[in-house]
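Here is work_0.cif, consisting of mmCIF, C-alpha atoms:
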```cif
data_work
loop_
_atom_site.label_atom_id
_atom_site.label_comp_id
_atom_site.auth_asym_id
_atom_site.auth_seq_id
_atom_site.Cartn_x
_atom_site.Cartn_y
_atom_site.Cartn_z
CA MET T 15 57.67 80.79 138.58
CA PRO T 16 60.56 82.48 136.74
CA GLY T 17 59.44 84.87 134.02
CA ALA T 18 60.56 84.76 130.43
CA SER T 19 63.74 86.65 129.52
CA GLY T 20 65.64 87.48 126.37
CA GLN T 21 68.18 84.73 127.07
CA GLU T 22 65.47 82.15 127.61
CA ALA T 23 63.97 83.15 124.26
CA ILE T 24 67.35 82.62 122.60
CA ASP T 25 67.67 79.23 124.30
CA LEU T 26 64.38 78.18 122.65
CA ILE T 27 65.97 78.29 119.20
CA GLY T 28 65.32 74.95 117.53
CA ARG T 29 62.74 73.94 120.15
CA ASP T 30 59.46 74.43 118.26
CA THR T 31 59.03 70.70 117.68
CA ALA T 32 59.95 69.85 121.27
CA LEU T 33 57.42 72.37 122.60
CA THR T 34 54.70 70.95 120.37
CA GLU T 35 55.48 67.35 121.28
CA THR T 36 55.78 67.90 125.02
CA GLY T 37 52.59 69.96 124.98
CA ARG T 38 50.80 67.12 123.20
CA LEU T 39 52.23 64.62 125.69
CA LEU T 40 51.03 66.70 128.62
CA ARG T 41 47.49 66.57 127.27
CA THR T 42 47.50 62.77 127.52
CA GLU T 43 49.77 62.28 130.54
CA ARG T 44 49.45 64.48 133.61
CA LEU T 45 53.05 63.74 134.64
CA VAL T 46 55.65 64.52 131.97
CA THR T 47 59.40 64.33 132.52
CA VAL T 48 61.96 65.93 130.22
CA SER T 49 65.46 64.45 130.31
CA GLY T 50 68.75 65.20 128.60
CA PRO T 51 72.39 66.06 129.24
CA GLY T 52 73.39 69.05 131.34
CA GLY T 53 73.13 72.30 129.40
CA VAL T 54 70.77 70.98 126.71
CA GLY T 55 68.02 73.43 127.68
CA LYS T 56 65.55 71.44 129.77
CA THR T 57 64.76 74.33 132.12
CA ALA T 58 64.13 76.76 129.27
CA LEU T 59 61.80 74.24 127.62
CA VAL T 60 59.65 73.44 130.65
CA THR T 61 59.54 77.12 131.66
CA GLU T 62 58.21 78.12 128.25
CA LEU T 63 55.77 75.24 128.13
CA ALA T 64 54.43 76.17 131.58
CA ARG T 65 54.13 79.81 130.50
CA ARG T 66 52.09 78.84 127.45
CA MET T 67 49.79 76.62 129.51
CA ARG T 68 49.27 79.08 132.34
CA PRO T 69 46.73 81.79 131.31
CA GLY T 70 43.42 81.34 133.11
CA ARG T 71 43.73 77.59 133.47
CA TRP T 72 45.19 76.98 136.92
CA GLU T 73 44.08 77.76 140.46
CA ALA T 74 47.61 77.11 141.69
CA VAL T 75 51.01 77.15 139.99
CA GLY T 76 54.24 76.07 141.68
CA TRP T 77 57.94 75.87 140.81
CA ALA T 78 60.32 73.61 142.75
CA ASP T 79 64.03 73.64 141.93
CA LEU T 80 65.58 70.64 143.69
CA ALA T 81 69.22 71.45 142.89
CA ARG T 82 70.12 71.96 146.57
CA LEU T 83 67.78 69.38 148.07
CA ARG T 84 69.78 66.42 149.32
CA ASP T 85 67.33 64.58 151.56
CA ALA T 86 64.52 62.77 149.75
CA LYS T 87 62.53 62.83 153.00
CA LEU T 88 62.07 66.59 152.53
CA LEU T 89 60.71 66.24 148.99
CA ALA T 90 57.03 66.44 149.99
CA ASP T 91 57.80 69.54 152.04
CA ARG T 92 59.51 71.23 149.09
CA LEU T 93 56.60 70.40 146.78
CA ALA T 94 54.08 71.68 149.33
CA THR T 95 56.00 74.94 149.68
CA ALA T 96 55.98 75.36 145.91
CA LEU T 97 52.24 74.72 145.55
CA LEU T 98 50.73 75.93 148.81
CA GLY T 99 53.17 78.53 150.13
CA ASP T 100 54.83 78.56 153.55
CA THR T 101 54.64 75.20 155.35
CA SER T 102 57.12 76.02 158.11
CA ALA T 103 54.57 75.20 160.80
CA GLY T 104 54.97 71.53 160.02
CA ARG T 105 56.41 69.34 157.34
CA PRO T 106 53.48 67.74 155.47
CA HIS T 107 53.44 64.08 154.60
CA LEU T 108 52.53 63.22 151.04
CA GLN T 109 49.01 62.25 152.13
CA ALA T 110 48.51 65.63 153.80
CA LEU T 111 49.73 67.41 150.68
CA ALA T 112 47.39 65.40 148.47
CA GLU T 113 44.46 66.16 150.79
CA ALA T 114 45.31 69.88 150.77
CA LEU T 115 45.38 69.93 146.97
CA GLY T 116 42.31 67.78 146.47
CA ASP T 117 40.91 68.37 142.98
CA THR T 118 42.46 71.85 142.66
CA ARG T 119 43.52 72.61 139.09
CA ALA T 120 47.26 72.99 139.65
CA LEU T 121 50.44 73.02 137.61
CA LEU T 122 53.72 72.01 139.25
CA VAL T 123 57.13 72.37 137.58
CA VAL T 124 59.94 70.37 139.21
CA ASP T 125 63.45 71.18 137.99
CA THR T 126 66.88 69.57 138.53
CA CYS T 127 65.57 66.32 139.98
CA GLU T 128 68.14 63.87 138.58
CA HIS T 129 69.84 63.20 141.93
CA LEU T 130 66.46 62.29 143.44
CA ALA T 131 65.04 60.61 140.33
CA GLU T 132 63.73 57.48 142.05
CA ALA T 133 62.10 59.37 144.92
CA CYS T 134 60.67 61.97 142.53
CA ALA T 135 59.18 59.33 140.24
CA GLU T 136 57.50 57.58 143.18
CA THR T 137 56.30 60.77 144.90
CA LEU T 138 55.06 62.57 141.80
CA THR T 139 53.29 59.48 140.44
CA GLU T 140 51.43 59.02 143.71
CA LEU T 141 50.61 62.72 143.97
CA VAL T 142 49.19 62.88 140.44
CA GLY T 143 47.20 59.72 141.15
CA ARG T 144 45.64 61.27 144.26
CA CYS T 145 45.01 64.73 142.76
CA PRO T 146 42.93 64.61 139.55
CA GLY T 147 43.46 68.32 138.79
CA LEU T 148 47.26 68.25 139.08
CA HIS T 149 49.64 68.37 136.09
CA VAL T 150 53.40 68.03 136.62
CA LEU T 151 56.34 68.97 134.40
CA ALA T 152 59.63 67.58 135.67
CA ALA T 153 63.13 68.09 134.25
CA GLY T 154 66.33 66.19 135.02
CA ARG T 155 69.41 64.68 133.44
CA THR T 156 68.40 61.11 134.23
CA PRO T 157 65.11 59.68 132.85
CA MET T 158 62.55 58.85 135.50
CA THR T 159 60.43 55.72 135.43
CA THR T 160 57.22 57.48 134.42
CA TYR T 161 54.97 57.01 131.38
CA GLY T 162 55.18 60.57 130.06
CA HIS T 163 58.89 60.82 129.20
CA TYR T 164 60.39 63.16 126.60
CA PRO T 165 64.15 62.95 125.79
CA LEU T 166 65.33 66.41 124.71
CA ARG T 167 67.77 66.19 121.82
CA SER T 168 70.78 68.42 121.25
CA LEU T 169 70.56 71.16 118.63
CA THR T 170 71.66 70.72 115.03
CA LEU T 171 74.82 72.51 113.93
CA ASP T 172 72.79 75.21 112.16
CA GLU T 173 70.63 75.79 115.25
CA THR T 174 73.69 75.94 117.49
CA ALA T 175 75.36 78.47 115.19
CA ARG T 176 72.24 80.64 115.22
CA LEU T 177 72.06 80.53 119.01
CA PHE T 178 75.78 81.31 119.21
CA GLU T 179 75.44 84.35 116.95
CA LEU T 180 72.44 85.76 118.84
CA SER T 181 74.11 85.13 122.20
CA ALA T 182 77.18 87.04 121.01
CA ARG T 183 74.96 90.00 120.13
CA GLN T 184 73.34 89.80 123.56
CA TRP T 185 76.81 89.84 125.15
CA GLY T 186 77.40 93.10 123.26
CA VAL T 187 80.05 91.72 120.93
CA ALA T 188 80.80 94.39 118.33
CA GLU T 189 81.90 92.04 115.54
CA VAL T 190 79.92 88.81 115.48
CA PRO T 191 81.74 86.05 113.54
CA ALA T 192 80.54 85.18 110.05
CA THR T 193 78.22 82.18 109.87
CA GLU T 194 80.90 79.84 108.54
CA THR T 195 83.28 80.78 111.37
CA ALA T 196 80.47 80.34 113.87
CA ARG T 197 79.78 76.88 112.48
CA ARG T 198 83.46 75.91 112.89
CA ILE T 199 83.31 76.95 116.53
CA CYS T 200 79.95 75.29 117.12
CA ALA T 201 81.17 71.97 115.70
CA PHE T 202 82.91 71.50 119.08
CA LEU T 203 79.91 72.48 121.24
CA ASP T 204 77.89 69.24 121.08
CA GLY T 205 74.65 71.07 120.22
CA LEU T 206 74.34 72.35 123.81
CA PRO T 207 72.80 75.80 124.34
CA LEU T 208 74.92 76.17 127.49
CA ALA T 209 78.13 75.57 125.55
CA ALA T 210 77.05 78.05 122.85
CA ARG T 211 76.35 80.69 125.48
CA ILE T 212 79.72 80.15 127.14
CA ALA T 213 81.58 80.21 123.83
CA ALA T 214 79.77 83.36 122.71
CA GLY T 215 80.77 85.05 125.95
CA GLN T 216 84.44 84.46 125.11
CA LEU T 217 84.07 86.83 122.15
CA THR T 218 83.98 89.77 124.55
CA HIS T 219 87.73 89.37 125.12
CA HIS T 220 88.94 86.95 122.40
CA SER T 221 88.89 86.94 118.63
CA ALA T 222 86.81 84.33 116.80
CA GLU T 223 89.96 82.39 115.87
CA GLU T 224 91.08 82.40 119.50
CA VAL T 225 87.67 81.11 120.61
CA LEU T 226 87.91 78.35 117.99
CA SER T 227 91.29 77.37 119.42
CA LEU T 228 89.95 77.38 122.99
CA VAL T 229 86.92 75.17 122.29
CA SER T 230 88.89 72.75 120.13
CA ARG T 231 91.45 71.91 122.86
CA THR T 232 90.57 69.43 125.59
CA GLU T 233 92.80 71.26 128.07
CA THR T 234 90.79 74.50 127.77
CA VAL T 235 87.23 73.76 126.62
CA LEU T 236 86.00 72.57 130.02
CA ASP T 237 87.03 75.66 131.98
CA LEU T 238 85.73 78.49 129.80
CA ALA T 239 83.32 80.49 131.94
CA ALA T 240 80.52 82.97 131.48
CA PRO T 241 79.09 85.22 134.22
CA GLY T 242 75.49 85.10 135.37
CA LEU T 243 75.03 81.34 135.13
CA PRO T 244 74.12 79.00 138.02
CA ALA T 245 77.15 77.57 139.82
CA ARG T 246 76.41 74.09 138.49
CA GLN T 247 76.61 75.45 134.91
CA ARG T 248 79.26 78.17 135.18
CA THR T 249 81.58 76.05 133.06
CA LEU T 250 81.20 72.82 131.11
CA ARG T 251 83.36 71.18 133.77
CA ASP T 252 80.88 72.24 136.48
CA SER T 253 78.03 70.83 134.41
CA LEU T 254 79.78 67.53 133.68
CA LEU T 255 80.92 67.10 137.30
CA ARG T 256 77.27 67.07 138.38
CA THR T 257 76.64 64.17 136.02
CA HIS T 258 79.95 62.56 137.06
CA TRP T 259 78.75 62.26 140.65
CA LEU T 260 75.41 60.83 139.53
CA CYS T 261 77.26 57.93 137.92
CA THR T 262 78.24 54.70 139.64
CA ARG T 263 81.93 53.93 140.09
CA GLU T 264 81.78 51.51 137.15
CA GLU T 265 80.05 54.08 134.92
CA ARG T 266 82.72 56.67 135.73
CA ARG T 267 85.50 54.23 134.90
CA LEU T 268 83.86 53.23 131.61
CA TRP T 269 83.23 56.91 130.77
CA ALA T 270 86.95 57.55 131.20
CA ARG T 271 87.99 54.53 129.15
CA CYS T 272 85.52 55.15 126.30
CA ALA T 273 86.95 58.66 125.95
CA VAL T 274 89.84 57.12 123.98
CA PHE T 275 87.50 56.32 121.06
CA PRO T 276 88.00 59.04 118.41
CA GLY T 277 84.74 58.21 116.61
CA ALA T 278 81.83 55.79 116.62
CA PHE T 279 81.81 52.63 118.75
CA GLY T 280 79.37 50.10 120.12
CA LEU T 281 79.11 47.82 123.12
CA PRO T 282 81.24 45.07 121.47
CA ASP T 283 83.97 47.64 120.75
CA ALA T 284 83.83 49.01 124.28
CA THR T 285 84.06 45.49 125.63
CA GLU T 286 87.08 44.68 123.46
CA VAL T 287 88.97 47.85 124.35
CA CYS T 288 87.80 48.66 127.88
CA ALA T 289 87.05 45.40 129.71
CA ASP T 290 89.54 43.91 132.17
CA GLU T 291 89.54 42.40 135.65
CA ARG T 292 88.64 45.83 137.10
CA LEU T 293 85.70 46.15 134.70
CA PRO T 294 84.51 42.66 133.63
CA ALA T 295 82.38 42.32 130.51
CA ASP T 296 79.06 41.82 132.34
CA VAL T 297 79.69 44.79 134.63
CA LEU T 298 80.81 46.83 131.63
CA ALA T 299 77.56 46.08 129.77
CA THR T 300 75.53 47.44 132.68
CA ALA T 301 77.75 50.51 132.89
CA PHE T 302 77.41 51.05 129.13
CA ARG T 303 73.62 51.22 129.48
CA GLY T 304 74.19 53.72 132.28
CA LEU T 305 76.26 55.98 130.03
CA ASP T 306 73.42 55.89 127.51
CA ARG T 307 70.85 56.70 130.21
CA HIS T 308 72.92 59.69 131.38
CA ALA T 309 73.29 60.87 127.73
CA LEU T 310 77.08 60.62 128.00
CA ILE T 311 77.09 58.68 124.73
CA ARG T 312 74.74 59.42 121.84
CA PRO T 313 73.28 57.04 119.26
CA GLN T 314 74.43 57.67 115.71
CA GLY T 315 71.61 58.16 113.22
CA GLN T 316 69.35 55.15 112.84
CA GLN T 317 72.05 52.76 114.06
CA ALA T 318 71.03 52.55 117.69
CA ALA T 319 73.86 50.12 118.44
CA THR T 320 76.51 52.67 117.42
CA TYR T 321 77.41 55.63 119.63
CA ARG T 322 79.69 58.62 119.86
CA MET T 323 80.87 60.47 122.93
CA PRO T 324 80.42 64.26 122.69
CA TRP T 325 83.56 66.40 122.57
CA SER T 326 83.37 68.01 126.01
CA THR T 327 82.31 64.70 127.57
CA ARG T 328 85.37 63.06 126.00
CA ALA T 329 87.58 65.86 127.35
CA HIS T 330 86.34 65.23 130.88
CA GLY T 331 86.72 61.47 130.42
CA ARG T 332 90.30 61.74 129.17
CA GLN T 333 91.29 63.91 132.11
CA TRP T 334 89.67 61.43 134.50
CA LEU T 335 91.44 58.54 132.74
CA ASN T 336 94.73 60.34 133.27
CA ARG T 337 93.93 60.78 136.97
CA LEU T 338 93.21 57.06 137.22
CA GLY T 339 96.64 56.38 135.73
CA GLU T 340 95.08 54.33 132.91
CA GLU T 341 95.51 56.62 129.92
CA PRO T 342 98.61 55.01 128.31
CA GLU T 343 97.17 51.50 128.62
CA PHE T 344 93.81 52.28 127.03
CA LEU T 345 95.25 54.48 124.33
CA ARG T 346 97.38 51.47 123.31
CA ARG T 347 94.38 49.18 123.40
CA CYS T 348 92.33 51.61 121.31
CA LEU T 349 95.15 51.94 118.76
CA ALA T 350 95.32 48.16 118.46
CA TRP T 351 91.54 48.08 117.92
CA LEU T 352 91.77 50.78 115.22
CA LEU T 353 94.60 48.95 113.40
CA ARG T 354 93.05 45.51 113.69
CA ASP T 355 91.22 45.56 110.34
CA THR T 356 93.57 47.82 108.39
#
```
Written as structure tokens, how would this file's structure read?
Amino acid sequence: MPGASGQEAIDLIGRDTALTETGRLLRTERLVTVSGPGGVGKTALVTELARRMRPGRWEAVGWADLARLRDAKLLADRLATALLGDTSAGRPHLQALAEALGDTRALLVVDTCEHLAEACAETLTELVGRCPGLHVLAAGRTPMTTYGHYPLRSLTLDETARLFELSARQWGVAEVPATETARRICAFLDGLPLAARIAAGQLTHHSAEEVLSLVSRTETVLDLAAPGLPARQRTLRDSLLRTHWLCTREERRLWARCAVFPGAFGLPDATEVCADERLPADVLATAFRGLDRHALIRPQGQQAATYRMPWSTRAHGRQWLNRLGEEPEFLRRCLAWLLRDT
């Protein structure tokens, strides 16, 4: 299992409540899944939670990162390798894995499982049911159909600014921006630790005002890069593309069309502006629920029926809308919607 690092500690800023709540959930449910948008800090959270739970409690501890696993038929093999070591002599079936574990007190962390969410939910539920000593922490962008589910929220603006400032110091930036300047930059970062890390890295070769300009422009924010990150998170575009390919064709089209909304909107608004013969109202409603499930739109306050699309998500959507050749049409429709009640 990966050890704690200075960066992981920084990425836990604002996560005290999440750590407490997921820890409490894991005491009542032996299978807990943490979901949230790419870059929100799921891996850092489950890693720290596993570290806190580990001392003297487990006979076996395993870590399975499924980012590169494409075949769900190999899932049991990957889990067995994580928990039991080398299984190259033969690929174990789930029953064989359960028998090998028995009542062993074991902790299994499964990361990046969104592309295999259905198979993971089925496999892990059965495995926990067969193995009374097994606890599982799973993290992915898409919620799994399990009882112990924890949606990880984005950071507040203050938390994001703090993470940004500390990340800049870790990058070796000589002059860290003042808090107010950091807040102006972080207003465009959607409360994502990944985005704060990337933006802070830009300070090594840009001024704070230049970084503010870069993150505030849709044509540049997606392609800012920072070294040392996994390929799927090297830029915000890389992170969003992974979610893009998890979406259905209808969800991708609605994502692109909803990117024209400059502020809050709901399903009725999306239907009025975005529905047509290519995306009928009933199909659109299903796709809208999909955008919510993938955390591509976020509920506003207590008004669960009202949503906003995060800045970088909108930037990706607008570029995709342009590629579809639909941008002029849906900008006109959105303008008409905005002017309707004025």
**Complete:** What separates CA of Tyr321 (chain T) and CA of Ala239 (chain T) is a distance of 28.4 Å
**Message:** Using Å and a single decimal, report how far CA of Asp290 (chain T) sits from CA of Arg231 (chain T).
**Reply:** 29.6 Å
**Separation of CA of Thr159 (chain T) from CA of Thr320 (chain T), in Å and rounded to one decimal** =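 For CA of Thr159 (chain T) relative to CA of Thr320 (chain T), the distance reads 24.3 Å.
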Taking all listed atoms of region 119-122 of chain T, build the axis-aligned box, pad each of the six sides by 3 Å, then write its centre and edge lengths in Å to one decimal as AutoDock Vina command-line options.
```
--center_x 48.6 --center_y 72.5 --center_z 138.6 --size_x 16.2 --size_y 7.0 --size_z 8.0
```
For the contact check between region 50-167 of chain T and region 324-343 of chain T, emit one row per residue of region 50-167 of chain T within 12 Å, containing the shortest atom pair and the distance in Å rounded to one decimal, counting all atoms listed in the file, chain then rising number order, as CSV.
```
residue,atom,partner,partner_atom,distance
T:Pro51,CA,T:Thr327,CA,10.2
T:Gly52,CA,T:Thr327,CA,10.6
T:Gly53,CA,T:Ser326,CA,11.6
```
**Message:** Given the PyMOL selection byres ((chain T and resi 283-286) around 10) and the file above, list the residues it selects as a ChimeraX atom specification.
**Reply:** /T:268,271-272,275,278-282,287-290,293-296,298-299,302,320,347-348,351
**Item:** Explicit residue set for the PyMOL selection byres ((chain T and resi 213) around 12), as a ChimeraX atom specification
**Value:** /T:174-175,177-182,185,187,191,196-204,206-212,214-230,234-241,248-250
**Request:** Check the smallest atom-to-atom distance from each of T:Ala58, T:Ala110, T:Leu151, T:Ala135 to Glu43 (chain T) using all atoms listed in the file, then report the winner.
**Result:**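 Checking each candidate against Glu43 (chain T), we get T:Leu151 as the closest.
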**Request:** Go through the shown structure with the PyMOL selection byres ((chain T and resi 152) around 8) and write out the matching residues as a PyMOL selection string.
**Result:** chain T and resi 45-48+60+123-125+127+150-151+153-154
**Asked** Any idea what's packed within 12 Å of region 82-90 of chain T, counting all atoms listed in the file, ignoring anything in its chain fewer than 6 positions away? Could you give it as a PyMOL selection string?
**Response** chain T and resi 96-98+101+104-112+124-138+140-141+244-246+256
Would you kindly return, as a PDB file with C-alpha atoms, in the coordinates of the input, each protein, DNA or RNA residue with an atom no farther than 6 Å from any atom of region 142-145 of chain T, considering all atoms listed in the file and excluding same-chain residues fewer than 2 positions away?
```
ATOM      1  CA  GLY T 116      42.310  67.780 146.470  1.00  0.00           C
ATOM      2  CA  ASP T 117      40.910  68.370 142.980  1.00  0.00           C
ATOM      3  CA  THR T 139      53.290  59.480 140.440  1.00  0.00           C
ATOM      4  CA  GLU T 140      51.430  59.020 143.710  1.00  0.00           C
ATOM      5  CA  GLY T 147      43.460  68.320 138.790  1.00  0.00           C
ATOM      6  CA  LEU T 148      47.260  68.250 139.080  1.00  0.00           C
TER       7      LEU T 148
END
```
**Prompt:** Using all atoms listed in the file, which of T:Leu353, T:Ala120, T:Thr193, T:Leu345 sits nearest Gly70 (chain T)?
**Reply:**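 Among the listed residues, the smallest separation from Gly70 (chain T) belongs to T:Ala120.
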Using the atoms already present, construct N, CA, C and O atoms for region 32-57 of chain T and hand them back as a PDB file, keeping the file's coordinate frame.
```
ATOM      1  N   ALA T  32      59.954  70.362 119.899  1.00  0.00           N
ATOM      2  CA  ALA T  32      59.950  69.850 121.270  1.00  0.00           C
ATOM      3  C   ALA T  32      58.796  70.449 122.067  1.00  0.00           C
ATOM      4  O   ALA T  32      58.136  69.746 122.850  1.00  0.00           O
ATOM      5  N   LEU T  33      58.536  71.729 121.888  1.00  0.00           N
ATOM      6  CA  LEU T  33      57.420  72.370 122.600  1.00  0.00           C
ATOM      7  C   LEU T  33      56.088  71.775 122.163  1.00  0.00           C
ATOM      8  O   LEU T  33      55.205  71.517 122.992  1.00  0.00           O
ATOM      9  N   THR T  34      55.946  71.546 120.870  1.00  0.00           N
ATOM     10  CA  THR T  34      54.700  70.950 120.370  1.00  0.00           C
ATOM     11  C   THR T  34      54.524  69.535 120.903  1.00  0.00           C
ATOM     12  O   THR T  34      53.432  69.163 121.366  1.00  0.00           O
ATOM     13  N   GLU T  35      55.594  68.752 120.866  1.00  0.00           N
ATOM     14  CA  GLU T  35      55.480  67.350 121.280  1.00  0.00           C
ATOM     15  C   GLU T  35      55.282  67.194 122.780  1.00  0.00           C
ATOM     16  O   GLU T  35      54.503  66.344 123.217  1.00  0.00           O
ATOM     17  N   THR T  36      55.984  67.995 123.575  1.00  0.00           N
ATOM     18  CA  THR T  36      55.780  67.900 125.020  1.00  0.00           C
ATOM     19  C   THR T  36      54.414  68.417 125.411  1.00  0.00           C
ATOM     20  O   THR T  36      53.772  67.884 126.331  1.00  0.00           O
ATOM     21  N   GLY T  37      53.936  69.465 124.719  1.00  0.00           N
ATOM     22  CA  GLY T  37      52.590  69.960 124.980  1.00  0.00           C
ATOM     23  C   GLY T  37      51.541  68.909 124.680  1.00  0.00           C
ATOM     24  O   GLY T  37      50.581  68.713 125.446  1.00  0.00           O
ATOM     25  N   ARG T  38      51.718  68.206 123.567  1.00  0.00           N
ATOM     26  CA  ARG T  38      50.800  67.120 123.200  1.00  0.00           C
ATOM     27  C   ARG T  38      50.856  65.993 124.235  1.00  0.00           C
ATOM     28  O   ARG T  38      49.828  65.423 124.629  1.00  0.00           O
ATOM     29  N   LEU T  39      52.059  65.683 124.693  1.00  0.00           N
ATOM     30  CA  LEU T  39      52.230  64.620 125.690  1.00  0.00           C
ATOM     31  C   LEU T  39      51.543  64.985 126.998  1.00  0.00           C
ATOM     32  O   LEU T  39      50.919  64.138 127.652  1.00  0.00           O
ATOM     33  N   LEU T  40      51.628  66.266 127.365  1.00  0.00           N
ATOM     34  CA  LEU T  40      51.030  66.700 128.620  1.00  0.00           C
ATOM     35  C   LEU T  40      49.511  66.687 128.580  1.00  0.00           C
ATOM     36  O   LEU T  40      48.847  66.686 129.617  1.00  0.00           O
ATOM     37  N   ARG T  41      48.947  66.661 127.381  1.00  0.00           N
ATOM     38  CA  ARG T  41      47.490  66.570 127.270  1.00  0.00           C
ATOM     39  C   ARG T  41      46.992  65.138 127.463  1.00  0.00           C
ATOM     40  O   ARG T  41      45.808  64.917 127.720  1.00  0.00           O
ATOM     41  N   THR T  42      47.895  64.170 127.323  1.00  0.00           N
ATOM     42  CA  THR T  42      47.500  62.770 127.520  1.00  0.00           C
ATOM     43  C   THR T  42      48.063  62.177 128.806  1.00  0.00           C
ATOM     44  O   THR T  42      47.498  61.232 129.345  1.00  0.00           O
ATOM     45  N   GLU T  43      49.164  62.736 129.288  1.00  0.00           N
ATOM     46  CA  GLU T  43      49.770  62.280 130.540  1.00  0.00           C
ATOM     47  C   GLU T  43      49.907  63.476 131.472  1.00  0.00           C
ATOM     48  O   GLU T  43      50.474  64.503 131.102  1.00  0.00           O
ATOM     49  N   ARG T  44      49.392  63.343 132.689  1.00  0.00           N
ATOM     50  CA  ARG T  44      49.450  64.480 133.610  1.00  0.00           C
ATOM     51  C   ARG T  44      50.804  64.619 134.302  1.00  0.00           C
ATOM     52  O   ARG T  44      51.050  65.596 135.004  1.00  0.00           O
ATOM     53  N   LEU T  45      51.674  63.649 134.134  1.00  0.00           N
ATOM     54  CA  LEU T  45      53.050  63.740 134.640  1.00  0.00           C
ATOM     55  C   LEU T  45      53.990  63.531 133.467  1.00  0.00           C
ATOM     56  O   LEU T  45      54.046  62.446 132.886  1.00  0.00           O
ATOM     57  N   VAL T  46      54.719  64.575 133.092  1.00  0.00           N
ATOM     58  CA  VAL T  46      55.650  64.520 131.970  1.00  0.00           C
ATOM     59  C   VAL T  46      57.038  64.889 132.460  1.00  0.00           C
ATOM     60  O   VAL T  46      57.224  65.910 133.126  1.00  0.00           O
ATOM     61  N   THR T  47      58.013  64.051 132.148  1.00  0.00           N
ATOM     62  CA  THR T  47      59.400  64.330 132.520  1.00  0.00           C
ATOM     63  C   THR T  47      60.218  64.566 131.264  1.00  0.00           C
ATOM     64  O   THR T  47      60.089  63.843 130.278  1.00  0.00           O
ATOM     65  N   VAL T  48      61.052  65.585 131.313  1.00  0.00           N
ATOM     66  CA  VAL T  48      61.960  65.930 130.220  1.00  0.00           C
ATOM     67  C   VAL T  48      63.379  65.627 130.684  1.00  0.00           C
ATOM     68  O   VAL T  48      63.813  66.111 131.729  1.00  0.00           O
ATOM     69  N   SER T  49      64.096  64.806 129.917  1.00  0.00           N
ATOM     70  CA  SER T  49      65.460  64.450 130.310  1.00  0.00           C
ATOM     71  C   SER T  49      66.432  64.807 129.197  1.00  0.00           C
ATOM     72  O   SER T  49      66.050  64.987 128.039  1.00  0.00           O
ATOM     73  N   GLY T  50      67.705  64.892 129.562  1.00  0.00           N
ATOM     74  CA  GLY T  50      68.750  65.200 128.600  1.00  0.00           C
ATOM     75  C   GLY T  50      70.011  65.624 129.320  1.00  0.00           C
ATOM     76  O   GLY T  50      69.996  65.868 130.529  1.00  0.00           O
ATOM     77  N   PRO T  51      71.116  65.714 128.601  1.00  0.00           N
ATOM     78  CA  PRO T  51      72.390  66.060 129.240  1.00  0.00           C
ATOM     79  C   PRO T  51      72.370  67.462 129.829  1.00  0.00           C
ATOM     80  O   PRO T  51      71.542  68.307 129.451  1.00  0.00           O
ATOM     81  N   GLY T  52      73.274  67.719 130.760  1.00  0.00           N
ATOM     82  CA  GLY T  52      73.390  69.050 131.340  1.00  0.00           C
ATOM     83  C   GLY T  52      73.644  70.092 130.273  1.00  0.00           C
ATOM     84  O   GLY T  52      74.479  69.893 129.392  1.00  0.00           O
ATOM     85  N   GLY T  53      72.912  71.217 130.341  1.00  0.00           N
ATOM     86  CA  GLY T  53      73.130  72.300 129.400  1.00  0.00           C
ATOM     87  C   GLY T  53      72.358  72.190 128.108  1.00  0.00           C
ATOM     88  O   GLY T  53      72.519  73.030 127.218  1.00  0.00           O
ATOM     89  N   VAL T  54      71.482  71.166 127.974  1.00  0.00           N
ATOM     90  CA  VAL T  54      70.770  70.980 126.710  1.00  0.00           C
ATOM     91  C   VAL T  54      69.532  71.881 126.607  1.00  0.00           C
ATOM     92  O   VAL T  54      68.952  72.019 125.537  1.00  0.00           O
ATOM     93  N   GLY T  55      69.125  72.496 127.733  1.00  0.00           N
ATOM     94  CA  GLY T  55      68.020  73.430 127.680  1.00  0.00           C
ATOM     95  C   GLY T  55      66.708  72.935 128.246  1.00  0.00           C
ATOM     96  O   GLY T  55      65.636  73.417 127.876  1.00  0.00           O
ATOM     97  N   LYS T  56      66.773  72.003 129.189  1.00  0.00           N
ATOM     98  CA  LYS T  56      65.550  71.440 129.770  1.00  0.00           C
ATOM     99  C   LYS T  56      64.756  72.505 130.529  1.00  0.00           C
ATOM    100  O   LYS T  56      63.532  72.581 130.407  1.00  0.00           O
ATOM    101  N   THR T  57      65.451  73.311 131.325  1.00  0.00           N
ATOM    102  CA  THR T  57      64.760  74.330 132.120  1.00  0.00           C
ATOM    103  C   THR T  57      64.058  75.344 131.232  1.00  0.00           C
ATOM    104  O   THR T  57      62.906  75.718 131.482  1.00  0.00           O
TER     105      THR T  57
END
```
